[in-house]
Each structure stands twice: as C-alpha cells, then as structure tokens.
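Visitor: Input input-v4.cif, format and content: mmCIF, C-alpha atoms.
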```cif
data_work
#
loop_
_atom_site.group_PDB
_atom_site.id
_atom_site.type_symbol
_atom_site.label_atom_id
_atom_site.label_comp_id
_atom_site.auth_asym_id
_atom_site.auth_seq_id
_atom_site.Cartn_x
_atom_site.Cartn_y
_atom_site.Cartn_z
ATOM 1 C CA MET A 16 0.000 0.000 0.000
ATOM 2 C CA THR A 17 1.098 3.554 -0.682
ATOM 3 C CA GLU A 18 2.178 5.560 2.333
ATOM 4 C CA GLY A 19 -0.101 8.517 3.028
ATOM 5 C CA ALA A 20 -2.692 7.905 0.286
ATOM 6 C CA ALA A 21 -6.282 8.936 0.928
ATOM 7 C CA ILE A 22 -7.773 6.165 -1.228
ATOM 8 C CA GLU A 23 -5.964 2.945 -2.110
ATOM 9 C CA LEU A 24 -7.453 0.296 -4.367
ATOM 10 C CA ARG A 25 -5.611 -2.928 -5.115
ATOM 11 C CA GLY A 26 -6.915 -5.516 -7.550
ATOM 12 C CA ILE A 27 -10.536 -4.435 -7.096
ATOM 13 C CA ALA A 28 -12.989 -6.573 -9.041
ATOM 14 C CA LYS A 29 -16.771 -6.804 -9.077
ATOM 15 C CA ALA A 30 -18.967 -8.950 -11.318
ATOM 16 C CA TYR A 31 -22.718 -9.154 -11.760
ATOM 17 C CA GLY A 32 -23.389 -12.608 -13.103
ATOM 18 C CA THR A 33 -21.123 -13.061 -16.094
ATOM 19 C CA VAL A 34 -20.487 -9.317 -16.511
ATOM 20 C CA ASP A 35 -17.240 -7.922 -15.070
ATOM 21 C CA ALA A 36 -18.279 -4.412 -14.007
ATOM 22 C CA VAL A 37 -14.868 -3.732 -12.436
ATOM 23 C CA ALA A 38 -12.043 -5.932 -13.625
ATOM 24 C CA GLY A 39 -8.957 -5.494 -11.467
ATOM 25 C CA VAL A 40 -8.429 -1.809 -10.653
ATOM 26 C CA ASP A 41 -5.335 -0.455 -8.897
ATOM 27 C CA LEU A 42 -5.584 3.193 -7.928
ATOM 28 C CA ASP A 43 -4.151 5.680 -5.434
ATOM 29 C CA VAL A 44 -5.671 9.089 -4.676
ATOM 30 C CA ALA A 45 -3.624 11.559 -2.641
ATOM 31 C CA PRO A 46 -5.086 13.556 0.270
ATOM 32 C CA GLY A 47 -6.801 16.683 -1.043
ATOM 33 C CA GLU A 48 -6.606 15.511 -4.661
ATOM 34 C CA PHE A 49 -9.526 15.894 -7.071
ATOM 35 C CA LEU A 50 -9.630 12.812 -9.304
ATOM 36 C CA THR A 51 -12.049 12.558 -12.204
ATOM 37 C CA LEU A 52 -12.959 9.166 -13.662
ATOM 38 C CA LEU A 53 -13.987 9.439 -17.305
ATOM 39 C CA GLY A 54 -15.597 6.728 -19.359
ATOM 40 C CA PRO A 55 -18.625 5.736 -21.433
ATOM 41 C CA SER A 56 -21.831 4.447 -19.889
ATOM 42 C CA GLY A 57 -21.413 0.915 -18.576
ATOM 43 C CA CYS A 58 -17.633 1.098 -18.184
ATOM 44 C CA GLY A 59 -17.783 0.469 -14.412
ATOM 45 C CA LYS A 60 -17.000 3.934 -13.078
ATOM 46 C CA SER A 61 -20.162 4.266 -10.964
ATOM 47 C CA THR A 62 -19.703 0.736 -9.629
ATOM 48 C CA LEU A 63 -16.176 1.680 -8.579
ATOM 49 C CA LEU A 64 -17.570 4.672 -6.707
ATOM 50 C CA ARG A 65 -20.119 2.477 -4.931
ATOM 51 C CA LEU A 66 -17.359 0.081 -3.911
ATOM 52 C CA ILE A 67 -15.369 2.929 -2.355
ATOM 53 C CA ALA A 68 -18.500 4.188 -0.579
ATOM 54 C CA GLY A 69 -19.328 0.735 0.787
ATOM 55 C CA PHE A 70 -22.648 0.232 -1.009
ATOM 56 C CA GLU A 71 -21.124 -2.780 -2.764
ATOM 57 C CA ASP A 72 -18.507 -5.280 -1.602
ATOM 58 C CA PRO A 73 -15.684 -6.247 -3.979
ATOM 59 C CA ASP A 74 -15.399 -9.843 -5.139
ATOM 60 C CA ARG A 75 -11.638 -9.495 -4.984
ATOM 61 C CA GLY A 76 -9.100 -6.920 -3.898
ATOM 62 C CA THR A 77 -8.706 -4.481 -1.026
ATOM 63 C CA ILE A 78 -9.789 -0.903 -0.322
ATOM 64 C CA ARG A 79 -8.123 1.426 2.168
ATOM 65 C CA LEU A 80 -9.180 4.941 3.162
ATOM 66 C CA PHE A 81 -6.463 7.002 4.859
ATOM 67 C CA GLY A 82 -4.718 3.781 5.886
ATOM 68 C CA ASP A 83 -7.830 2.086 7.291
ATOM 69 C CA ASP A 84 -8.860 -1.245 5.786
ATOM 70 C CA VAL A 85 -12.500 -0.834 4.765
ATOM 71 C CA ALA A 86 -13.002 -3.782 2.371
ATOM 72 C CA GLY A 87 -11.221 -6.955 1.343
ATOM 73 C CA ASP A 88 -10.064 -10.272 2.751
ATOM 74 C CA GLY A 89 -13.495 -10.925 4.184
ATOM 75 C CA ARG A 90 -13.673 -7.570 5.993
ATOM 76 C CA THR A 91 -16.087 -4.775 5.249
ATOM 77 C CA MET A 92 -16.673 -1.491 7.022
ATOM 78 C CA PRO A 93 -20.250 -0.111 6.857
ATOM 79 C CA PRO A 94 -20.704 2.992 4.663
ATOM 80 C CA GLU A 95 -21.601 5.214 7.621
ATOM 81 C CA GLN A 96 -18.258 4.468 9.275
ATOM 82 C CA ARG A 97 -16.063 5.264 6.255
ATOM 83 C CA GLY A 98 -16.114 9.061 6.486
ATOM 84 C CA VAL A 99 -17.391 9.420 2.932
ATOM 85 C CA GLY A 100 -19.761 12.106 1.598
ATOM 86 C CA LEU A 101 -21.868 11.415 -1.471
ATOM 87 C CA VAL A 102 -23.392 13.590 -4.194
ATOM 88 C CA PHE A 103 -25.440 11.923 -6.919
ATOM 89 C CA GLN A 104 -27.210 13.041 -10.082
ATOM 90 C CA GLN A 105 -30.533 12.537 -8.284
ATOM 91 C CA LEU A 106 -30.034 14.948 -5.390
ATOM 92 C CA ALA A 107 -32.783 13.425 -3.204
ATOM 93 C CA LEU A 108 -33.277 16.556 -1.120
ATOM 94 C CA PHE A 109 -36.039 16.131 1.452
ATOM 95 C CA PRO A 110 -38.984 18.192 0.149
ATOM 96 C CA HIS A 111 -40.503 18.632 3.634
ATOM 97 C CA LEU A 112 -37.277 20.114 5.068
ATOM 98 C CA ASP A 113 -35.962 23.584 4.346
ATOM 99 C CA VAL A 114 -32.409 24.123 3.117
ATOM 100 C CA ALA A 115 -30.994 24.329 6.648
ATOM 101 C CA GLY A 116 -32.840 21.154 7.606
ATOM 102 C CA ASN A 117 -31.471 19.302 4.588
ATOM 103 C CA VAL A 118 -27.904 20.394 5.258
ATOM 104 C CA GLY A 119 -28.146 19.540 8.954
ATOM 105 C CA TYR A 120 -29.887 16.204 8.476
ATOM 106 C CA GLY A 121 -26.731 14.166 9.107
ATOM 107 C CA LEU A 122 -25.774 16.227 12.174
ATOM 108 C CA ARG A 123 -28.520 15.092 14.523
ATOM 109 C CA ARG A 124 -25.990 13.829 17.060
ATOM 110 C CA LEU A 125 -24.695 17.350 17.592
ATOM 111 C CA GLY A 126 -26.213 19.750 20.069
ATOM 112 C CA ARG A 127 -28.672 22.300 18.691
ATOM 113 C CA HIS A 128 -26.296 25.271 18.858
ATOM 114 C CA GLU A 129 -23.367 23.302 17.409
ATOM 115 C CA ARG A 130 -25.540 21.959 14.608
ATOM 116 C CA LYS A 131 -26.862 25.437 13.808
ATOM 117 C CA ALA A 132 -23.323 26.839 13.659
ATOM 118 C CA ARG A 133 -22.145 24.044 11.356
ATOM 119 C CA VAL A 134 -25.102 24.514 9.001
ATOM 120 C CA ALA A 135 -24.452 28.262 8.860
ATOM 121 C CA GLU A 136 -20.788 27.594 8.068
ATOM 122 C CA LEU A 137 -21.698 25.252 5.207
ATOM 123 C CA LEU A 138 -24.329 27.567 3.745
ATOM 124 C CA GLU A 139 -21.766 30.367 3.751
ATOM 125 C CA LEU A 140 -19.290 28.062 2.003
ATOM 126 C CA VAL A 141 -21.736 27.285 -0.824
ATOM 127 C CA ASP A 142 -22.934 30.904 -1.088
ATOM 128 C CA LEU A 143 -26.443 30.203 0.220
ATOM 129 C CA ALA A 144 -26.198 31.972 3.566
ATOM 130 C CA ASP A 145 -29.556 33.717 3.057
ATOM 131 C CA SER A 146 -31.418 30.645 1.791
ATOM 132 C CA GLY A 147 -31.663 28.489 4.905
ATOM 133 C CA ARG A 148 -35.439 28.879 5.205
ATOM 134 C CA ARG A 149 -36.237 28.151 1.575
ATOM 135 C CA TYR A 150 -37.537 24.764 0.469
ATOM 136 C CA PRO A 151 -36.170 22.566 -2.349
ATOM 137 C CA ASP A 152 -39.016 23.453 -4.725
ATOM 138 C CA GLN A 153 -38.029 27.116 -4.362
ATOM 139 C CA LEU A 154 -34.454 26.537 -5.564
ATOM 140 C CA SER A 155 -32.880 26.650 -9.004
ATOM 141 C CA GLY A 156 -31.065 23.570 -10.254
ATOM 142 C CA GLY A 157 -27.686 25.063 -9.382
ATOM 143 C CA GLN A 158 -28.808 26.059 -5.902
ATOM 144 C CA ALA A 159 -30.198 22.585 -5.242
ATOM 145 C CA GLN A 160 -26.888 21.064 -6.335
ATOM 146 C CA ARG A 161 -24.999 23.301 -3.906
ATOM 147 C CA VAL A 162 -27.371 22.304 -1.085
ATOM 148 C CA ALA A 163 -26.641 18.657 -1.862
ATOM 149 C CA LEU A 164 -22.917 19.372 -1.735
ATOM 150 C CA ALA A 165 -23.266 21.224 1.574
ATOM 151 C CA ARG A 166 -25.189 18.270 2.981
ATOM 152 C CA ALA A 167 -22.434 15.889 1.890
ATOM 153 C CA LEU A 168 -19.787 18.109 3.498
ATOM 154 C CA ALA A 169 -21.697 18.711 6.742
ATOM 155 C CA PRO A 170 -20.329 15.700 8.700
ATOM 156 C CA ALA A 171 -16.758 16.711 7.673
ATOM 157 C CA PRO A 172 -16.062 13.632 5.515
ATOM 158 C CA ARG A 173 -12.522 12.724 4.564
ATOM 159 C CA VAL A 174 -13.606 11.841 1.022
ATOM 160 C CA VAL A 175 -16.409 13.152 -1.199
ATOM 161 C CA LEU A 176 -17.655 11.004 -4.072
ATOM 162 C CA LEU A 177 -19.633 12.627 -6.895
ATOM 163 C CA ASP A 178 -21.522 10.499 -9.422
ATOM 164 C CA GLU A 179 -22.470 12.447 -12.587
ATOM 165 C CA PRO A 180 -23.617 15.385 -10.407
ATOM 166 C CA PHE A 181 -24.117 17.895 -13.234
ATOM 167 C CA SER A 182 -25.656 15.748 -15.972
ATOM 168 C CA SER A 183 -29.249 16.909 -15.371
ATOM 169 C CA LEU A 184 -28.325 20.610 -15.699
ATOM 170 C CA ASP A 185 -28.294 22.703 -18.873
ATOM 171 C CA THR A 186 -24.958 23.336 -20.563
ATOM 172 C CA THR A 187 -24.391 26.902 -19.358
ATOM 173 C CA LEU A 188 -25.294 26.164 -15.750
ATOM 174 C CA ARG A 189 -23.231 22.982 -15.763
ATOM 175 C CA ALA A 190 -20.100 24.845 -16.840
ATOM 176 C CA SER A 191 -20.436 27.546 -14.189
ATOM 177 C CA LEU A 192 -21.467 25.211 -11.379
ATOM 178 C CA ARG A 193 -18.606 22.782 -11.824
ATOM 179 C CA THR A 194 -16.164 25.665 -11.333
ATOM 180 C CA GLU A 195 -17.995 26.591 -8.124
ATOM 181 C CA VAL A 196 -17.968 23.003 -6.888
ATOM 182 C CA ARG A 197 -14.236 22.658 -7.490
ATOM 183 C CA SER A 198 -13.627 25.858 -5.507
ATOM 184 C CA ILE A 199 -15.880 24.692 -2.658
ATOM 185 C CA LEU A 200 -14.124 21.343 -2.389
ATOM 186 C CA ARG A 201 -10.719 23.039 -2.496
ATOM 187 C CA THR A 202 -11.770 25.341 0.350
ATOM 188 C CA ALA A 203 -13.119 22.396 2.342
ATOM 189 C CA GLY A 204 -9.814 20.564 1.828
ATOM 190 C CA VAL A 205 -11.370 17.183 1.118
ATOM 191 C CA THR A 206 -10.290 14.431 -1.250
ATOM 192 C CA ALA A 207 -12.780 14.100 -4.121
ATOM 193 C CA VAL A 208 -13.539 11.551 -6.832
ATOM 194 C CA LEU A 209 -15.996 12.502 -9.572
ATOM 195 C CA VAL A 210 -17.231 10.159 -12.285
ATOM 196 C CA THR A 211 -18.469 11.529 -15.596
ATOM 197 C CA HIS A 212 -18.825 10.727 -19.279
ATOM 198 C CA ASP A 213 -18.221 14.401 -20.164
ATOM 199 C CA GLN A 214 -14.681 14.947 -21.445
ATOM 200 C CA ASP A 215 -14.675 18.709 -20.826
ATOM 201 C CA GLU A 216 -15.840 18.135 -17.271
ATOM 202 C CA ALA A 217 -13.170 15.553 -16.536
ATOM 203 C CA LEU A 218 -10.324 17.592 -18.009
ATOM 204 C CA SER A 219 -11.320 20.938 -16.496
ATOM 205 C CA LEU A 220 -12.053 19.689 -12.958
ATOM 206 C CA GLY A 221 -9.506 17.019 -12.205
ATOM 207 C CA ASP A 222 -6.020 17.340 -10.798
ATOM 208 C CA ARG A 223 -5.737 13.906 -12.372
ATOM 209 C CA VAL A 224 -7.932 12.052 -14.854
ATOM 210 C CA GLY A 225 -8.489 8.305 -15.047
ATOM 211 C CA VAL A 226 -9.956 6.952 -18.286
ATOM 212 C CA MET A 227 -11.990 3.804 -17.789
ATOM 213 C CA PHE A 228 -13.059 1.197 -20.357
ATOM 214 C CA ASP A 229 -14.568 -2.238 -19.723
ATOM 215 C CA GLY A 230 -14.005 -2.172 -15.983
ATOM 216 C CA ARG A 231 -10.353 -1.107 -16.173
ATOM 217 C CA ILE A 232 -8.499 2.192 -15.845
ATOM 218 C CA VAL A 233 -6.540 2.232 -19.091
ATOM 219 C CA ARG A 234 -4.880 5.645 -18.749
ATOM 220 C CA HIS A 235 -4.445 8.094 -15.906
ATOM 221 C CA GLY A 236 -2.424 11.214 -15.318
ATOM 222 C CA ALA A 237 -2.602 14.990 -15.318
ATOM 223 C CA PRO A 238 -5.344 16.255 -17.677
ATOM 224 C CA ARG A 239 -2.864 17.725 -20.151
ATOM 225 C CA ASP A 240 -0.796 14.541 -20.211
ATOM 226 C CA VAL A 241 -3.842 12.361 -20.887
ATOM 227 C CA TYR A 242 -5.028 14.693 -23.650
ATOM 228 C CA VAL A 243 -1.669 15.203 -25.353
ATOM 229 C CA GLU A 244 -0.303 11.673 -24.831
ATOM 230 C CA PRO A 245 -3.355 9.382 -24.657
ATOM 231 C CA GLY A 246 -1.312 6.243 -25.216
ATOM 232 C CA SER A 247 -3.849 4.505 -27.468
ATOM 233 C CA ALA A 248 -6.228 5.254 -30.304
ATOM 234 C CA GLU A 249 -9.175 4.300 -28.096
ATOM 235 C CA VAL A 250 -8.290 6.845 -25.412
ATOM 236 C CA ALA A 251 -7.407 9.523 -27.977
ATOM 237 C CA SER A 252 -10.793 9.150 -29.654
ATOM 238 C CA PHE A 253 -12.687 9.343 -26.367
ATOM 239 C CA VAL A 254 -10.793 12.178 -24.695
ATOM 240 C CA GLY A 255 -11.586 15.073 -27.005
ATOM 241 C CA ASP A 256 -11.916 15.147 -30.788
ATOM 242 C CA ALA A 257 -9.459 13.323 -33.006
ATOM 243 C CA ASN A 258 -9.065 12.994 -36.766
ATOM 244 C CA ARG A 259 -8.017 9.688 -38.241
ATOM 245 C CA MET A 260 -5.704 10.569 -41.105
ATOM 246 C CA PRO A 261 -5.396 8.545 -44.341
ATOM 247 C CA ASP A 262 -2.194 6.936 -43.039
ATOM 248 C CA GLY A 263 -3.967 5.787 -39.860
ATOM 249 C CA THR A 264 -2.458 8.361 -37.495
ATOM 250 C CA LEU A 265 -4.642 10.345 -35.088
ATOM 251 C CA VAL A 266 -4.488 14.138 -34.970
ATOM 252 C CA ARG A 267 -6.283 16.668 -32.796
ATOM 253 C CA PRO A 268 -8.203 19.348 -34.753
ATOM 254 C CA GLU A 269 -6.060 22.074 -33.177
ATOM 255 C CA ASP A 270 -2.916 20.355 -34.528
ATOM 256 C CA ILE A 271 -4.092 20.717 -38.116
ATOM 257 C CA GLU A 272 -2.911 23.873 -39.875
ATOM 258 C CA LEU A 273 -4.516 25.329 -43.009
ATOM 259 C CA ALA A 274 -2.691 27.603 -45.443
ATOM 260 C CA PRO A 275 -4.817 29.391 -48.065
ATOM 261 C CA GLU A 276 -3.469 28.406 -51.480
ATOM 262 C CA PRO A 277 -5.305 29.114 -54.767
ATOM 263 C CA ASP A 278 -4.129 25.858 -56.313
ATOM 264 C CA GLY A 279 -3.969 23.915 -53.042
ATOM 265 C CA PRO A 280 -4.812 20.205 -53.085
ATOM 266 C CA ASP A 281 -7.402 20.365 -50.257
ATOM 267 C CA VAL A 282 -10.890 21.901 -50.277
ATOM 268 C CA VAL A 283 -12.886 23.505 -47.435
ATOM 269 C CA THR A 284 -16.293 21.809 -47.197
ATOM 270 C CA ASN A 285 -17.776 23.373 -44.058
ATOM 271 C CA VAL A 286 -17.065 26.222 -41.621
ATOM 272 C CA GLU A 287 -18.545 26.621 -38.137
ATOM 273 C CA TYR A 288 -17.799 30.005 -36.580
ATOM 274 C CA TYR A 289 -17.841 30.317 -32.770
ATOM 275 C CA GLY A 290 -16.469 33.828 -32.265
ATOM 276 C CA HIS A 291 -13.398 32.798 -30.296
ATOM 277 C CA ASP A 292 -12.452 30.142 -32.857
ATOM 278 C CA GLN A 293 -13.737 28.247 -35.870
ATOM 279 C CA ALA A 294 -14.045 24.615 -36.910
ATOM 280 C CA VAL A 295 -13.153 24.034 -40.555
ATOM 281 C CA ASP A 296 -13.852 20.754 -42.373
ATOM 282 C CA VAL A 297 -11.549 19.951 -45.268
ATOM 283 C CA ARG A 298 -11.660 17.263 -47.956
ATOM 284 C CA LEU A 299 -8.272 15.789 -48.870
ATOM 285 C CA PRO A 300 -7.429 14.513 -52.384
ATOM 286 C CA SER A 301 -8.135 10.978 -51.193
ATOM 287 C CA GLY A 302 -11.695 12.021 -50.341
ATOM 288 C CA HIS A 303 -10.892 11.776 -46.637
ATOM 289 C CA GLN A 304 -12.503 14.482 -44.445
ATOM 290 C CA VAL A 305 -10.637 16.118 -41.561
ATOM 291 C CA ARG A 306 -11.546 18.877 -39.134
ATOM 292 C CA ALA A 307 -9.263 21.746 -38.094
ATOM 293 C CA ARG A 308 -9.813 23.958 -35.055
ATOM 294 C CA LEU A 309 -8.386 27.409 -35.710
ATOM 295 C CA GLY A 310 -8.326 30.983 -34.550
ATOM 296 C CA THR A 311 -10.289 33.597 -36.459
ATOM 297 C CA SER A 312 -7.454 35.680 -37.897
ATOM 298 C CA VAL A 313 -8.032 34.033 -41.293
ATOM 299 C CA ALA A 314 -11.610 33.702 -42.583
ATOM 300 C CA PHE A 315 -12.276 30.477 -44.482
ATOM 301 C CA ALA A 316 -15.277 29.782 -46.708
ATOM 302 C CA VAL A 317 -16.724 26.679 -48.310
ATOM 303 C CA GLY A 318 -14.898 25.974 -51.576
ATOM 304 C CA ASP A 319 -11.610 27.603 -50.552
ATOM 305 C CA ARG A 320 -8.499 25.781 -51.731
ATOM 306 C CA VAL A 321 -6.000 25.191 -48.929
ATOM 307 C CA ARG A 322 -3.010 23.085 -47.988
ATOM 308 C CA VAL A 323 -3.272 20.941 -44.863
ATOM 309 C CA THR A 324 -0.233 20.377 -42.665
ATOM 310 C CA VAL A 325 -0.053 18.492 -39.382
ATOM 311 C CA ALA A 326 1.851 19.841 -36.389
ATOM 312 C CA ARG A 327 1.918 16.532 -34.517
ATOM 313 C CA ASP A 328 0.040 13.275 -34.232
ATOM 314 C CA LEU A 329 -1.234 11.802 -30.987
ATOM 315 C CA LEU A 330 0.641 8.529 -31.013
ATOM 316 C CA GLU A 331 4.024 9.680 -32.295
#
```
Render the structure in this file as structure tokens.

Guide:
Amino acid sequence: MTEGAAIELRGIAKAYGTVDAVAGVDLDVAPGEFLTLLGPSGCGKSTLLRLIAGFEDPDRGTIRLFGDDVAGDGRTMPPEQRGVGLVFQQLALFPHLDVAGNVGYGLRRLGRHERKARVAELLELVDLADSGRRYPDQLSGGQAQRVALARALAPAPRVVLLDEPFSSLDTTLRASLRTEVRSILRTAGVTAVLVTHDQDEALSLGDRVGVMFDGRIVRHGAPRDVYVEPGSAEVASFVGDANRMPDGTLVRPEDIELAPEPDGPDVVTNVEYYGHDQAVDVRLPSGHQVRARLGTSVAFAVGDRVRVTVARDLLE
C-alpha cells in the first residue's frame, strides 16, 4: 500500500453474473486531490464509486481509506463508518425540510447550537447563507446542487464522491457550477472523486484524470498529459476530438494547420464560426474528411483551396 494515500485500491474486481463491471483496478488518490474518472456508460466507473462508498462489496481486492482497511479479505466497514460524503445526479433533497434542515440532516448527534453553527458555516461556504429557510421546490437547479454538496460536506467527511452530479443541468449552468464546486471542495480541503462521461468536465475539474473502459483504468495522469499523450487510439478518440488521417495516425483538430493556397490540393467543405475560434472541415485529395480547429485571424469559406499540414500526431 502507498504511504499517506487517501484512497488505495488494489486488484478491485466486481462482477454481476457473467459481466465484469470492475475488472482489477489499482488506484491511489492523494489527500486533497480531485480525481475525475472518465468513461462511457457501462464502463464500471459508478460501480467503482459504490465500492469505495461501501454500497457494494468487492469480489476481490482491497480498499483502504487514509490507511484504514474498509473492504477486502473478508472484511467490510459499513458505509456510515467510512467518512465518505456522497453527491449523486438525483439529489434526493427532502422536500418537507428547508435548506438548513437538509444540510443539517446528518448532524442530529450534535447539540442544537453546534448543529446550527455548522449549518451556517456550510451555507456560507456554498454561497447560500440567506437561503436556509427556503424549500427545495423554491431553488434553481444550481442552488439545489450546492445544497446537496453542503449536505455531503456537513459531517466533515474525509472523502467526497460525486456520481455524474451535473448531468441533469443545462450546458451553461453545468459549466459555471462545476467551477464553483471545485472551488468549494478546495476550500473544504477534502479528497474528491468525480465520475463523468463528459470529457470537458473531466479535463477541467480534475487534478488527475483516469480513463476507464470495460471495468479497467486504461490511462491516468494529469489532464494535459492524458489529452496530449493518450497512449492509445481508443483513449485519444474518447478524450476530445481526433481525426483519423489517411495513413492511420490520429491528430487533434487544433494540430491541423490550413494555409490558403489558390491551387492547393485540399478543399474547405464546411465552416462553423464560434467567435473565439472556428471549426473548418476539409476534404483531402483521397476524399478523406478532416476537421481543423483554428483561430479567427483568417476567414475560411466553403470551396476555398488550402493546404493541410499536421503539427503533430497523438501517437508519435
């Protein structure tokens, strides 16, 4: 086991019938680290989260939290004793309790004054200090998500696990809220693991990203390292956009350069303008289509003749 790790998984496996949901995962998460697990639906990432939380027992392998054995070798520690906070896509706020009541629900063992002070502290942390007397049906989606996070943080867990927490929100709110959540967790100083199928979410939130396929973590590292050096065509294609070139290499759209050239061999077939950049589709002489992601200093139009060059490929 790794000295000083917050979460340690060794050889973790879990099957449902003949299906291997988790197929031998080794993983360390450092104290205070924010790890994102990225993968398609059914890859085992949510099952892995449930194993860490204690809602499922592994068939094989061991789990340690801050050096404590919580699962493996016939031992299992109940979820409520693991010091883990949970935030799910379905927030499950209690409709009959106000915001303060929801946040303080897990603090019933504290005295009234101590509980009130802790709830006030958490509401301040999630920027809802004036909303304690509101009810869940009076909250926006983003506010409800922050209440759920405050509730998870209320008992001062050592680890917070987040399972697709933003997937029910619209795109604009999701982008702004995930930045807020990262800041809140940083301020709280907890170790966090978030699972998602959203590549932008995984790359922008995580100190480290683990890419999961078929029950295994096939690549992990700093977000930039995983994006720039994916290690396989499968990971490259899943983590961001990638062009497959005629020679079989993979290239990111931003690594394709276009030079206007009246007699150039390549032809622009589509342009999507986004203000801050543009996506330009180009047909090569072979008939192969590629997409370039470019700045807006040069305006391209359908039918323009260009020459495509490649700055680098992903698997070089």

Visitor: Quick one: everything within 8 Å of Gly19 (chain A), counting only C-alpha atoms, minus sequence neighbours fewer than 5 positions away in the same chain. Send it as a ChimeraX atom specification.

Guide: /A:45-46,81-82

Visitor: Considering only C-alpha atoms, state which residue in the set A:Val118, A:Arg231, A:Leu164, A:Tyr242 is at the smallest distance from Ala135 (chain A).

Guide: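 Smallest separation from Ala135 (chain A) among the options: A:Val118.
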
Visitor: Just checking: using only C-alpha atoms, which residue out of A:Ala203, A:Ala159, A:Val321, A:Val233 ends up closest to Asp41 (chain A)?

Guide: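 Among the listed residues, A:Val233 lies closest to Asp41 (chain A).
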
Visitor: Considering all atoms listed in the file, tabulate each residue of region 41-92 of chain A that lies at most 12 Å from region 101-115 of chain A along with its nearest interatomic pair and the corresponding distance in Å to one decimal; arrange the rows by chain and ascending residue number and present them as CSV.

Guide:
```
residue,atom,partner,partner_atom,distance
A:Ser61,CA,A:Phe103,CA,10.1
A:Leu64,CA,A:Leu101,CA,9.6
A:Arg65,CA,A:Leu101,CA,9.7
A:Ile67,CA,A:Leu101,CA,10.7
A:Ala68,CA,A:Leu101,CA,8.0
A:Gly69,CA,A:Leu101,CA,11.2
A:Phe70,CA,A:Leu101,CA,11.2
```

Visitor: Here's a test: counting only C-alpha atoms, identify every protein, DNA and RNA residue with an atom at most 6 Å from (-4.6, 29.4, -49.8) in the file's coordinate frame, and state them as an MDAnalysis selection string.

Guide: chainID A and resid 274:277 320:321

Visitor: Can you list what the PyMOL selection byres ((chain A and resi 26) around 8) grabs from this structure, as a list in words?

Guide: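 Applied to this file, the PyMOL selection byres ((chain A and resi 26) around 8) selects Leu24, Arg25, Ile27, Ala28, Ala38, Gly39, Val40, Asp41, Arg75, Gly76 and Thr77 of chain A.
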
Visitor: Please list as a short mmCIF file (atom, residue, chain, number, x, y, z; two decimals) with C-alpha atoms, in the frame of the given file every residue within 6 Å of Asp178 (chain A), counting all atoms listed in the file and excluding residues in the same chain fewer than 2 positions away.

Guide:
```cif
data_model
loop_
_atom_site.label_atom_id
_atom_site.label_comp_id
_atom_site.auth_asym_id
_atom_site.auth_seq_id
_atom_site.Cartn_x
_atom_site.Cartn_y
_atom_site.Cartn_z
CA PHE A 103 -25.44 11.92 -6.92
CA PRO A 180 -23.62 15.38 -10.41
CA LEU A 209 -16.00 12.50 -9.57
CA VAL A 210 -17.23 10.16 -12.28
#
```
